[in-house]
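Asks: Contents are mmCIF, C-alpha atoms, pLDDT in the B column; chains and numbers go by the auth columns; file name query27.cif:
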data_start
#
loop_
_atom_site.group_PDB
_atom_site.id
_atom_site.type_symbol
_atom_site.label_atom_id
_atom_site.label_comp_id
_atom_site.label_asym_id
_atom_site.label_seq_id
_atom_site.Cartn_x
_atom_site.Cartn_y
_atom_site.Cartn_z
_atom_site.B_iso_or_equiv
_atom_site.auth_seq_id
_atom_site.auth_asym_id
ATOM 1 C CA MET A 1 0.000 0.000 0.000 47.00 295 A
ATOM 2 C CA THR A 2 1.495 3.423 -1.044 44.00 296 A
ATOM 3 C CA VAL A 3 0.206 6.777 0.235 47.00 297 A
ATOM 4 C CA CYS A 4 1.757 9.996 -1.111 45.00 298 A
ATOM 5 C CA LEU A 5 1.349 13.063 1.054 48.00 299 A
ATOM 6 C CA GLY A 6 3.321 15.597 -0.960 47.00 300 A
ATOM 7 C CA LYS A 7 5.628 17.870 0.985 47.00 301 A
ATOM 8 C CA LYS A 8 6.502 16.705 4.489 45.00 302 A
ATOM 9 C CA PRO A 9 4.521 18.723 7.096 49.00 303 A
ATOM 10 C CA ALA A 10 6.365 20.573 9.825 49.00 304 A
ATOM 11 C CA SER A 11 4.377 19.020 12.653 48.00 305 A
ATOM 12 C CA TRP A 12 2.658 15.642 12.550 48.00 306 A
ATOM 13 C CA PRO A 13 1.951 14.139 15.967 49.00 307 A
ATOM 14 C CA GLY A 14 -0.237 11.344 14.602 48.00 308 A
ATOM 15 C CA VAL A 15 2.539 9.593 12.614 47.00 309 A
ATOM 16 C CA THR A 16 5.397 7.654 14.179 47.00 310 A
ATOM 17 C CA SER A 17 9.056 8.524 13.795 48.00 311 A
ATOM 18 C CA CYS A 18 9.616 5.642 11.346 46.00 312 A
ATOM 19 C CA ALA A 19 7.103 7.218 8.944 45.00 313 A
ATOM 20 C CA ARG A 20 8.581 10.740 9.348 47.00 314 A
ATOM 21 C CA SER A 21 12.105 9.548 8.589 46.00 315 A
ATOM 22 C CA ALA A 22 10.918 7.844 5.387 46.00 316 A
ATOM 23 C CA ALA A 23 10.032 11.251 3.906 46.00 317 A
ATOM 24 C CA SER A 24 13.449 12.835 4.437 47.00 318 A
ATOM 25 C CA SER A 25 14.881 11.921 1.023 46.00 319 A
ATOM 26 C CA SER A 26 12.033 12.479 -1.455 47.00 320 A
ATOM 27 C CA GLY A 27 9.476 14.600 0.332 49.00 321 A
ATOM 28 C CA ALA A 28 6.927 11.797 0.047 47.00 322 A
ATOM 29 C CA VAL A 29 5.916 9.145 2.575 47.00 323 A
ATOM 30 C CA THR A 30 5.651 5.605 1.204 47.00 324 A
ATOM 31 C CA TRP A 31 4.541 2.647 3.316 46.00 325 A
ATOM 32 C CA LYS A 32 5.072 -0.774 1.777 46.00 326 A
ATOM 33 C CA GLU A 33 3.522 -2.478 4.801 46.00 327 A
ATOM 34 C CA PRO A 34 0.448 -1.109 6.614 47.00 328 A
ATOM 35 C CA ARG A 35 2.038 -2.033 9.951 47.00 329 A
ATOM 36 C CA ALA A 36 4.688 0.620 9.370 42.00 330 A
ATOM 37 C CA VAL A 37 2.052 3.330 9.864 45.00 331 A
ATOM 38 C CA CYS A 38 0.809 3.963 13.396 44.00 332 A
ATOM 39 C CA LEU A 39 -1.991 6.497 13.557 46.00 333 A
ATOM 40 C CA ASP A 40 -3.545 7.861 16.677 47.00 334 A
ATOM 41 C CA PRO A 41 -7.216 8.464 15.815 47.00 335 A
ATOM 42 C CA GLY A 42 -7.462 10.998 18.633 49.00 336 A
ATOM 43 C CA SER A 43 -4.584 13.174 17.444 49.00 337 A
ATOM 44 C CA GLU A 44 -4.658 15.848 14.766 49.00 338 A
ATOM 45 C CA PRO A 45 -1.892 18.016 13.300 50.00 339 A
ATOM 46 C CA ALA A 46 -1.320 21.190 15.218 51.00 340 A
ATOM 47 C CA ASP A 47 -0.716 23.504 12.258 52.00 341 A
ATOM 48 C CA ALA A 48 -3.376 24.470 9.705 52.00 342 A
ATOM 49 C CA GLU A 49 -1.131 23.508 6.765 54.00 343 A
ATOM 50 C CA SER A 50 -1.067 19.847 7.797 49.00 344 A
ATOM 51 C CA LYS A 51 -4.801 19.426 8.507 51.00 345 A
ATOM 52 C CA PRO A 52 -5.928 18.937 4.880 52.00 346 A
ATOM 53 C CA LYS A 53 -3.205 16.334 4.365 52.00 347 A
ATOM 54 C CA TRP A 54 -4.163 14.597 7.593 48.00 348 A
ATOM 55 C CA SER A 55 -7.813 14.454 6.499 54.00 349 A
ATOM 56 C CA SER A 56 -6.790 13.152 3.086 53.00 350 A
ATOM 57 C CA LEU A 57 -4.667 10.417 4.689 46.00 351 A
ATOM 58 C CA THR A 58 -7.330 9.232 7.140 48.00 352 A
ATOM 59 C CA ARG A 59 -10.012 9.267 4.452 51.00 353 A
ATOM 60 C CA SER A 60 -7.777 7.282 2.096 47.00 354 A
ATOM 61 C CA LEU A 61 -7.011 4.670 4.749 46.00 355 A
ATOM 62 C CA SER A 62 -10.656 4.350 5.785 46.00 356 A
ATOM 63 C CA ASP A 63 -11.677 3.732 2.153 49.00 357 A
ATOM 64 C CA ARG A 64 -9.128 0.963 1.565 47.00 358 A
ATOM 65 C CA PRO A 65 -10.573 -2.394 0.422 50.00 359 A
ATOM 66 C CA VAL A 66 -8.834 -4.096 3.352 46.00 360 A
ATOM 67 C CA GLY A 67 -11.594 -2.751 5.597 51.00 361 A
ATOM 68 C CA GLN A 68 -14.184 -4.425 3.408 55.00 362 A
ATOM 69 C CA GLU A 69 -12.211 -7.669 3.410 51.00 363 A
ATOM 70 C CA LEU A 70 -12.018 -7.674 7.213 48.00 364 A
ATOM 71 C CA GLN A 71 -15.758 -7.051 7.436 55.00 365 A
ATOM 72 C CA THR A 72 -16.389 -9.928 5.001 53.00 366 A
ATOM 73 C CA MET A 73 -14.166 -12.231 7.038 56.00 367 A
ATOM 74 C CA ARG A 74 -15.989 -11.335 10.260 54.00 368 A
ATOM 75 C CA THR A 75 -19.372 -11.902 8.596 53.00 369 A
ATOM 76 C CA GLY A 76 -18.218 -15.302 7.310 54.00 370 A
ATOM 77 C CA GLN A 77 -16.999 -16.271 10.772 55.00 371 A
ATOM 78 C CA ARG A 78 -20.353 -15.345 12.311 50.00 372 A
ATOM 79 C CA GLN A 79 -22.201 -17.373 9.640 49.00 373 A
ATOM 80 C CA ASN A 80 -19.979 -20.413 10.182 49.00 374 A
ATOM 81 C CA LYS A 81 -20.492 -20.157 13.933 44.00 375 A
ATOM 82 C CA GLY A 82 -24.247 -19.938 13.417 43.00 376 A
ATOM 83 C CA MET A 83 -24.229 -22.989 11.139 41.00 377 A
ATOM 84 C CA ARG A 84 -22.225 -25.020 13.662 42.00 378 A
ATOM 85 C CA THR A 85 -24.690 -23.994 16.355 36.00 379 A
ATOM 86 C CA ARG A 86 -27.691 -25.030 14.262 38.00 380 A
ATOM 87 C CA LEU A 87 -26.151 -28.392 13.357 38.00 381 A
ATOM 88 C CA GLY A 88 -25.271 -28.978 16.992 39.00 382 A
ATOM 89 C CA CYS A 89 -28.830 -28.218 18.035 36.00 383 A
ATOM 90 C CA LEU A 90 -30.189 -30.578 15.383 39.00 384 A
ATOM 91 C CA SER A 91 -27.950 -33.412 16.525 39.00 385 A
ATOM 92 C CA HIS A 92 -28.809 -32.790 20.172 41.00 386 A
ATOM 93 C CA LYS A 93 -32.532 -32.239 19.839 41.00 387 A
ATOM 94 C CA SER A 94 -33.306 -35.051 17.401 44.00 388 A
ATOM 95 C CA ASP A 95 -31.709 -37.660 19.650 49.00 389 A
ATOM 96 C CA SER A 96 -34.689 -37.815 21.982 45.00 390 A
ATOM 97 C CA CYS A 97 -38.155 -39.189 21.480 50.00 391 A
ATOM 98 C CA SER A 98 -39.950 -35.971 22.439 46.00 392 A
ATOM 99 C CA ASP A 99 -38.117 -34.001 19.750 46.00 393 A
ATOM 100 C CA PHE A 100 -38.121 -36.538 16.943 49.00 394 A
ATOM 101 C CA THR A 101 -41.897 -36.986 17.098 48.00 395 A
ATOM 102 C CA ALA A 102 -42.225 -33.334 16.163 45.00 396 A
ATOM 103 C CA ILE A 103 -40.760 -33.975 12.695 42.00 397 A
ATOM 104 C CA LEU A 104 -42.946 -36.989 11.901 49.00 398 A
ATOM 105 C CA PRO A 105 -46.124 -36.761 9.799 48.00 399 A
ATOM 106 C CA ASP A 106 -49.350 -36.418 11.763 48.00 400 A
ATOM 107 C CA LYS A 107 -50.559 -40.014 11.405 51.00 401 A
ATOM 108 C CA PRO A 108 -47.330 -41.747 12.555 50.00 402 A
ATOM 109 C CA ASN A 109 -47.030 -39.156 15.310 55.00 403 A
ATOM 110 C CA ARG A 110 -50.497 -39.959 16.614 62.00 404 A
ATOM 111 C CA ALA A 111 -49.823 -43.687 16.256 57.00 405 A
ATOM 112 C CA LEU A 112 -46.620 -43.370 18.278 61.00 406 A
ATOM 113 C CA LYS A 113 -48.613 -41.989 21.168 66.00 407 A
ATOM 114 C CA ARG A 114 -50.571 -45.253 21.179 71.00 408 A
ATOM 115 C CA LEU A 115 -47.525 -47.440 20.544 82.00 409 A
ATOM 116 C CA SER A 116 -47.299 -50.341 22.960 85.00 410 A
ATOM 117 C CA THR A 117 -44.099 -51.486 24.619 87.00 411 A
ATOM 118 C CA GLU A 118 -44.500 -54.878 22.986 90.00 412 A
ATOM 119 C CA GLU A 119 -44.635 -53.378 19.497 90.00 413 A
ATOM 120 C CA ALA A 120 -41.629 -51.130 20.079 91.00 414 A
ATOM 121 C CA THR A 121 -39.674 -54.014 21.612 94.00 415 A
ATOM 122 C CA ARG A 122 -40.341 -56.202 18.579 95.00 416 A
ATOM 123 C CA TRP A 123 -38.441 -53.724 16.399 96.00 417 A
ATOM 124 C CA ALA A 124 -35.276 -55.104 17.960 96.00 418 A
ATOM 125 C CA ASP A 125 -36.102 -58.663 16.817 96.00 419 A
ATOM 126 C CA SER A 126 -34.900 -57.998 13.284 97.00 420 A
ATOM 127 C CA PHE A 127 -34.489 -55.229 10.750 97.00 421 A
ATOM 128 C CA ASP A 128 -37.287 -56.645 8.603 97.00 422 A
ATOM 129 C CA VAL A 129 -39.686 -56.531 11.554 97.00 423 A
ATOM 130 C CA LEU A 130 -38.868 -52.848 11.968 97.00 424 A
ATOM 131 C CA LEU A 131 -39.486 -52.181 8.259 97.00 425 A
ATOM 132 C CA SER A 132 -42.821 -54.014 8.367 95.00 426 A
ATOM 133 C CA HIS A 133 -44.184 -51.625 11.019 94.00 427 A
ATOM 134 C CA LYS A 134 -45.310 -48.163 9.843 92.00 428 A
ATOM 135 C CA CYS A 135 -44.308 -46.528 13.114 91.00 429 A
ATOM 136 C CA GLY A 136 -41.009 -48.381 12.992 94.00 430 A
ATOM 137 C CA VAL A 137 -40.288 -46.992 9.531 95.00 431 A
ATOM 138 C CA ALA A 138 -41.247 -43.481 10.701 93.00 432 A
ATOM 139 C CA ALA A 139 -38.991 -43.709 13.751 94.00 433 A
ATOM 140 C CA PHE A 140 -36.098 -45.162 11.741 96.00 434 A
ATOM 141 C CA ARG A 141 -36.457 -42.430 9.096 96.00 435 A
ATOM 142 C CA ALA A 142 -36.309 -39.751 11.799 94.00 436 A
ATOM 143 C CA PHE A 143 -33.154 -41.359 13.178 96.00 437 A
ATOM 144 C CA LEU A 144 -31.513 -41.517 9.740 96.00 438 A
ATOM 145 C CA LYS A 145 -32.199 -37.811 9.278 95.00 439 A
ATOM 146 C CA THR A 146 -30.010 -37.101 12.287 94.00 440 A
ATOM 147 C CA GLU A 147 -27.227 -38.990 10.488 93.00 441 A
ATOM 148 C CA PHE A 148 -27.971 -37.365 7.115 94.00 442 A
ATOM 149 C CA SER A 149 -28.443 -40.784 5.480 94.00 443 A
ATOM 150 C CA GLU A 150 -32.213 -41.014 5.014 96.00 444 A
ATOM 151 C CA GLU A 151 -31.710 -41.498 1.245 97.00 445 A
ATOM 152 C CA ASN A 152 -30.968 -45.181 1.876 97.00 446 A
ATOM 153 C CA LEU A 153 -34.374 -45.803 3.418 98.00 447 A
ATOM 154 C CA GLU A 154 -36.125 -43.607 0.851 97.00 448 A
ATOM 155 C CA PHE A 155 -34.557 -45.635 -1.976 98.00 449 A
ATOM 156 C CA TRP A 156 -35.581 -48.924 -0.359 98.00 450 A
ATOM 157 C CA LEU A 157 -39.156 -47.687 0.080 97.00 451 A
ATOM 158 C CA ALA A 158 -39.253 -46.380 -3.502 97.00 452 A
ATOM 159 C CA CYS A 159 -38.197 -49.828 -4.757 98.00 453 A
ATOM 160 C CA GLU A 160 -40.932 -51.485 -2.680 97.00 454 A
ATOM 161 C CA GLU A 161 -43.527 -49.146 -4.150 96.00 455 A
ATOM 162 C CA TYR A 162 -42.099 -49.644 -7.651 97.00 456 A
ATOM 163 C CA LYS A 163 -42.678 -53.405 -7.443 96.00 457 A
ATOM 164 C CA LYS A 164 -46.401 -52.768 -7.065 95.00 458 A
ATOM 165 C CA THR A 165 -46.585 -51.055 -10.463 94.00 459 A
ATOM 166 C CA ARG A 166 -48.834 -52.835 -12.964 92.00 460 A
ATOM 167 C CA SER A 167 -48.831 -50.426 -15.911 90.00 461 A
ATOM 168 C CA THR A 168 -45.959 -51.011 -18.366 88.00 462 A
ATOM 169 C CA ALA A 169 -45.874 -47.343 -19.348 87.00 463 A
ATOM 170 C CA LYS A 170 -45.649 -46.233 -15.724 92.00 464 A
ATOM 171 C CA LEU A 171 -43.058 -48.913 -15.027 95.00 465 A
ATOM 172 C CA VAL A 172 -40.570 -47.374 -17.451 95.00 466 A
ATOM 173 C CA SER A 173 -41.046 -43.805 -16.258 95.00 467 A
ATOM 174 C CA LYS A 174 -40.856 -44.805 -12.576 97.00 468 A
ATOM 175 C CA ALA A 175 -37.707 -46.860 -13.166 97.00 469 A
ATOM 176 C CA HIS A 176 -35.865 -43.962 -14.793 97.00 470 A
ATOM 177 C CA ARG A 177 -37.035 -41.558 -12.112 97.00 471 A
ATOM 178 C CA ILE A 178 -35.735 -43.818 -9.314 98.00 472 A
ATOM 179 C CA PHE A 179 -32.453 -44.384 -11.142 98.00 473 A
ATOM 180 C CA GLU A 180 -31.874 -40.669 -11.724 97.00 474 A
ATOM 181 C CA GLU A 181 -32.770 -39.741 -8.152 97.00 475 A
ATOM 182 C CA PHE A 182 -30.925 -42.455 -6.200 98.00 476 A
ATOM 183 C CA VAL A 183 -28.627 -44.625 -8.320 97.00 477 A
ATOM 184 C CA ASP A 184 -26.952 -42.559 -11.011 96.00 478 A
ATOM 185 C CA VAL A 185 -23.579 -40.943 -10.336 95.00 479 A
ATOM 186 C CA GLN A 186 -24.054 -37.517 -8.716 94.00 480 A
ATOM 187 C CA ALA A 187 -27.769 -38.222 -8.239 96.00 481 A
ATOM 188 C CA PRO A 188 -29.551 -35.760 -5.897 96.00 482 A
ATOM 189 C CA ARG A 189 -29.929 -38.489 -3.246 96.00 483 A
ATOM 190 C CA GLU A 190 -27.255 -40.921 -4.374 96.00 484 A
ATOM 191 C CA VAL A 191 -27.105 -44.141 -2.353 97.00 485 A
ATOM 192 C CA ASN A 192 -23.868 -45.854 -1.381 93.00 486 A
ATOM 193 C CA ILE A 193 -23.490 -48.865 -3.702 96.00 487 A
ATOM 194 C CA ASP A 194 -20.477 -50.332 -5.481 96.00 488 A
ATOM 195 C CA PHE A 195 -19.562 -49.656 -9.114 96.00 489 A
ATOM 196 C CA GLN A 196 -20.589 -53.098 -10.392 97.00 490 A
ATOM 197 C CA THR A 197 -24.053 -52.846 -8.856 97.00 491 A
ATOM 198 C CA ARG A 198 -24.522 -49.343 -10.214 97.00 492 A
ATOM 199 C CA GLU A 199 -23.546 -50.368 -13.738 97.00 493 A
ATOM 200 C CA ALA A 200 -25.697 -53.497 -13.621 97.00 494 A
ATOM 201 C CA THR A 201 -28.665 -51.359 -12.611 98.00 495 A
ATOM 202 C CA ARG A 202 -27.861 -48.903 -15.391 97.00 496 A
ATOM 203 C CA LYS A 203 -27.965 -51.732 -17.911 97.00 497 A
ATOM 204 C CA ASN A 204 -31.337 -52.815 -16.525 97.00 498 A
ATOM 205 C CA MET A 205 -32.698 -49.394 -17.485 97.00 499 A
ATOM 206 C CA GLU A 206 -32.561 -50.454 -21.139 96.00 500 A
ATOM 207 C CA GLU A 207 -35.533 -52.738 -20.488 94.00 501 A
ATOM 208 C CA PRO A 208 -36.949 -51.933 -17.041 95.00 502 A
ATOM 209 C CA SER A 209 -38.718 -54.731 -15.198 95.00 503 A
ATOM 210 C CA LEU A 210 -40.131 -55.227 -11.716 96.00 504 A
ATOM 211 C CA THR A 211 -36.798 -56.744 -10.630 96.00 505 A
ATOM 212 C CA CYS A 212 -34.422 -54.209 -12.185 97.00 506 A
ATOM 213 C CA PHE A 213 -33.550 -52.665 -8.784 98.00 507 A
ATOM 214 C CA ASP A 214 -33.339 -55.888 -6.791 97.00 508 A
ATOM 215 C CA GLN A 215 -29.538 -56.000 -6.657 97.00 509 A
ATOM 216 C CA ALA A 216 -29.157 -52.345 -5.645 98.00 510 A
ATOM 217 C CA GLN A 217 -32.016 -52.579 -3.155 98.00 511 A
ATOM 218 C CA GLY A 218 -30.429 -55.647 -1.574 97.00 512 A
ATOM 219 C CA LYS A 219 -27.107 -53.840 -1.166 97.00 513 A
ATOM 220 C CA VAL A 220 -28.747 -50.849 0.500 98.00 514 A
ATOM 221 C CA HIS A 221 -30.843 -53.100 2.747 98.00 515 A
ATOM 222 C CA SER A 222 -27.709 -54.941 3.871 97.00 516 A
ATOM 223 C CA LEU A 223 -25.899 -51.654 4.528 96.00 517 A
ATOM 224 C CA MET A 224 -28.711 -50.317 6.724 97.00 518 A
ATOM 225 C CA GLU A 225 -29.089 -53.624 8.545 97.00 519 A
ATOM 226 C CA LYS A 226 -25.404 -53.871 9.437 97.00 520 A
ATOM 227 C CA ASP A 227 -24.692 -50.199 10.023 96.00 521 A
ATOM 228 C CA SER A 228 -27.625 -47.865 10.779 97.00 522 A
ATOM 229 C CA TYR A 229 -30.043 -50.351 12.379 97.00 523 A
ATOM 230 C CA PRO A 230 -27.747 -51.336 15.320 97.00 524 A
ATOM 231 C CA ARG A 231 -27.059 -47.660 16.036 97.00 525 A
ATOM 232 C CA PHE A 232 -30.788 -46.953 15.993 97.00 526 A
ATOM 233 C CA LEU A 233 -31.405 -49.644 18.628 96.00 527 A
ATOM 234 C CA ARG A 234 -28.697 -48.101 20.837 96.00 528 A
ATOM 235 C CA SER A 235 -29.854 -44.529 20.268 95.00 529 A
ATOM 236 C CA LYS A 236 -31.408 -42.363 22.947 93.00 530 A
ATOM 237 C CA MET A 237 -34.290 -41.828 20.545 92.00 531 A
ATOM 238 C CA TYR A 238 -35.326 -45.498 20.570 93.00 532 A
ATOM 239 C CA LEU A 239 -34.653 -45.966 24.291 93.00 533 A
ATOM 240 C CA ASP A 240 -36.764 -42.909 25.120 91.00 534 A
ATOM 241 C CA LEU A 241 -39.553 -44.297 22.957 89.00 535 A
ATOM 242 C CA LEU A 242 -39.500 -47.558 24.892 89.00 536 A
ATOM 243 C CA SER A 243 -39.454 -45.685 28.190 88.00 537 A
ATOM 244 C CA GLN A 244 -42.434 -43.540 27.244 85.00 538 A
ATOM 245 C CA SER A 245 -44.481 -46.558 26.136 79.00 539 A
ATOM 246 C CA GLN A 246 -43.716 -48.280 29.448 79.00 540 A
ATOM 247 C CA ARG A 247 -44.793 -45.228 31.453 76.00 541 A
ATOM 248 C CA ARG A 248 -48.154 -45.176 29.662 67.00 542 A
ATOM 249 C CA LEU A 249 -48.772 -48.732 30.860 63.00 543 A
ATOM 250 C CA SER A 250 -47.987 -47.944 34.478 61.00 544 A
#
Take the structure in the file and give it back as structure tokens.
Replies:
Amino acid sequence: MTVCLGKKPASWPGVTSCARSAASSSGAVTWKEPRAVCLDPGSEPADAESKPKWSSLTRSLSDRPVGQELQTMRTGQRQNKGMRTRLGCLSHKSDSCSDFTAILPDKPNRALKRLSTEEATRWADSFDVLLSHKCGVAAFRAFLKTEFSEENLEFWLACEEYKKTRSTAKLVSKAHRIFEEFVDVQAPREVNIDFQTREATRKNMEEPSLTCFDQAQGKVHSLMEKDSYPRFLRSKMYLDLLSQSQRRLS
């Protein structure tokens, strides 16, 4: 940063000695580093000749882009802090039964209030038992949202609904929609499957059938069963649900 002040003023109490000595040879003050200039905002030049130059200097420094950059950095830091706070609140709040019921649709929410301890306990028998129970699916979906992996369950459910299709015309359009949403590379809700399974499913799109997603659906089912399902059973969300159902009985 270079600031030219013209002729060196006779009195300049707001500028340090290192800045005054720099003007001795050429009559101009040049700062290559902003740290070399130390200004006292409360001080002003004593003589009238120096006041216009002082005002020009302070106005020039205040208009520098570095001030805008610092403001942008501070704004970005506040936004990042706010995002971390919101994510922390989501992780904390959604790990309890009372909070996760608030994000469920009305019908599953009402059904959960009537959920018996026996029904909730049966969810731990097997993953398929959990998936066969509407409230179990709703609770498991809410848990997956806290882990940002609900696309796995949504894909599995979409495949189950797809198998009920009877119209050939609808079968083709549904197959391509599911593939583009969940299976294709960089899909909006891409599921975690291996390359071979993805390519095999892609080939099945040439002539879609009711079984064209079976391999991919099986991989996702196995992933949820071995990974997400055990964590769900250990989660505070599920344990709170069991506790609440037991209290209703007592």
Asks: Check what the PyMOL selection byres ((chain A and resi 510) around 10) selects in the file above and give those residues as a PDB file with C-alpha atoms, in the coordinates of the input.
Replies:
ATOM      1  CA  PHE A 449     -34.557 -45.635  -1.976  1.00 98.00           C
ATOM      2  CA  TRP A 450     -35.581 -48.924  -0.359  1.00 98.00           C
ATOM      3  CA  CYS A 453     -38.197 -49.828  -4.757  1.00 98.00           C
ATOM      4  CA  VAL A 477     -28.627 -44.625  -8.320  1.00 97.00           C
ATOM      5  CA  VAL A 485     -27.105 -44.141  -2.353  1.00 97.00           C
ATOM      6  CA  ASN A 486     -23.868 -45.854  -1.381  1.00 93.00           C
ATOM      7  CA  ILE A 487     -23.490 -48.865  -3.702  1.00 96.00           C
ATOM      8  CA  ASP A 488     -20.477 -50.332  -5.481  1.00 96.00           C
ATOM      9  CA  GLN A 490     -20.589 -53.098 -10.392  1.00 97.00           C
ATOM     10  CA  THR A 491     -24.053 -52.846  -8.856  1.00 97.00           C
ATOM     11  CA  ARG A 492     -24.522 -49.343 -10.214  1.00 97.00           C
ATOM     12  CA  ALA A 494     -25.697 -53.497 -13.621  1.00 97.00           C
ATOM     13  CA  THR A 495     -28.665 -51.359 -12.611  1.00 98.00           C
ATOM     14  CA  CYS A 506     -34.422 -54.209 -12.185  1.00 97.00           C
ATOM     15  CA  PHE A 507     -33.550 -52.665  -8.784  1.00 98.00           C
ATOM     16  CA  ASP A 508     -33.339 -55.888  -6.791  1.00 97.00           C
ATOM     17  CA  GLN A 509     -29.538 -56.000  -6.657  1.00 97.00           C
ATOM     18  CA  GLN A 511     -32.016 -52.579  -3.155  1.00 98.00           C
ATOM     19  CA  GLY A 512     -30.429 -55.647  -1.574  1.00 97.00           C
ATOM     20  CA  LYS A 513     -27.107 -53.840  -1.166  1.00 97.00           C
ATOM     21  CA  VAL A 514     -28.747 -50.849   0.500  1.00 98.00           C
ATOM     22  CA  HIS A 515     -30.843 -53.100   2.747  1.00 98.00           C
ATOM     23  CA  SER A 516     -27.709 -54.941   3.871  1.00 97.00           C
TER      24      SER A 516
END
Asks: Point out the residue among A:Val466, A:Leu424, A:Ala432, A:Leu447 with the least atom-to-atom distance to A:Arg483, counting all atoms listed in the file.
Replies: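 Of A:Val466, A:Leu424, A:Ala432, A:Leu447, the one nearest A:Arg483, counting all atoms listed in the file, is A:Leu447.
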Asks: Using the chain letters and numbers from the file, which residues does the PyMOL selection byres ((chain A and resi 525) around 12) grab, as a ChimeraX atom specification?
Replies: /A:389,418,421,434,437-438,440-441,518-524,526-533
Asks: Quick one, how far is atom CA of A:Lys464 from atom CA of A:Asn446?
Replies: 22.9 Å
Asks: Measuring atom to atom with all atoms listed in the file, identify which of A:Ala469, A:Leu517, A:Ala436, A:Leu535 is nearest to A:Glu413.
Replies: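 Looking at the shortest contact to A:Glu413, the residue is A:Leu535.
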Asks: Report the distance between atom CA of A:Leu451 and atom CA of A:His470 in Å, rounded to one decimal place.
Replies: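 Atom-to-atom, atom CA of A:Leu451 to atom CA of A:His470, that is 15.7 Å.
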Asks: Quick one: distance from atom CA of A:Ala414 to atom CA of A:Arg541 in Å, one decimal?
Replies: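 Distance reported for this atom pair: 13.2 Å.
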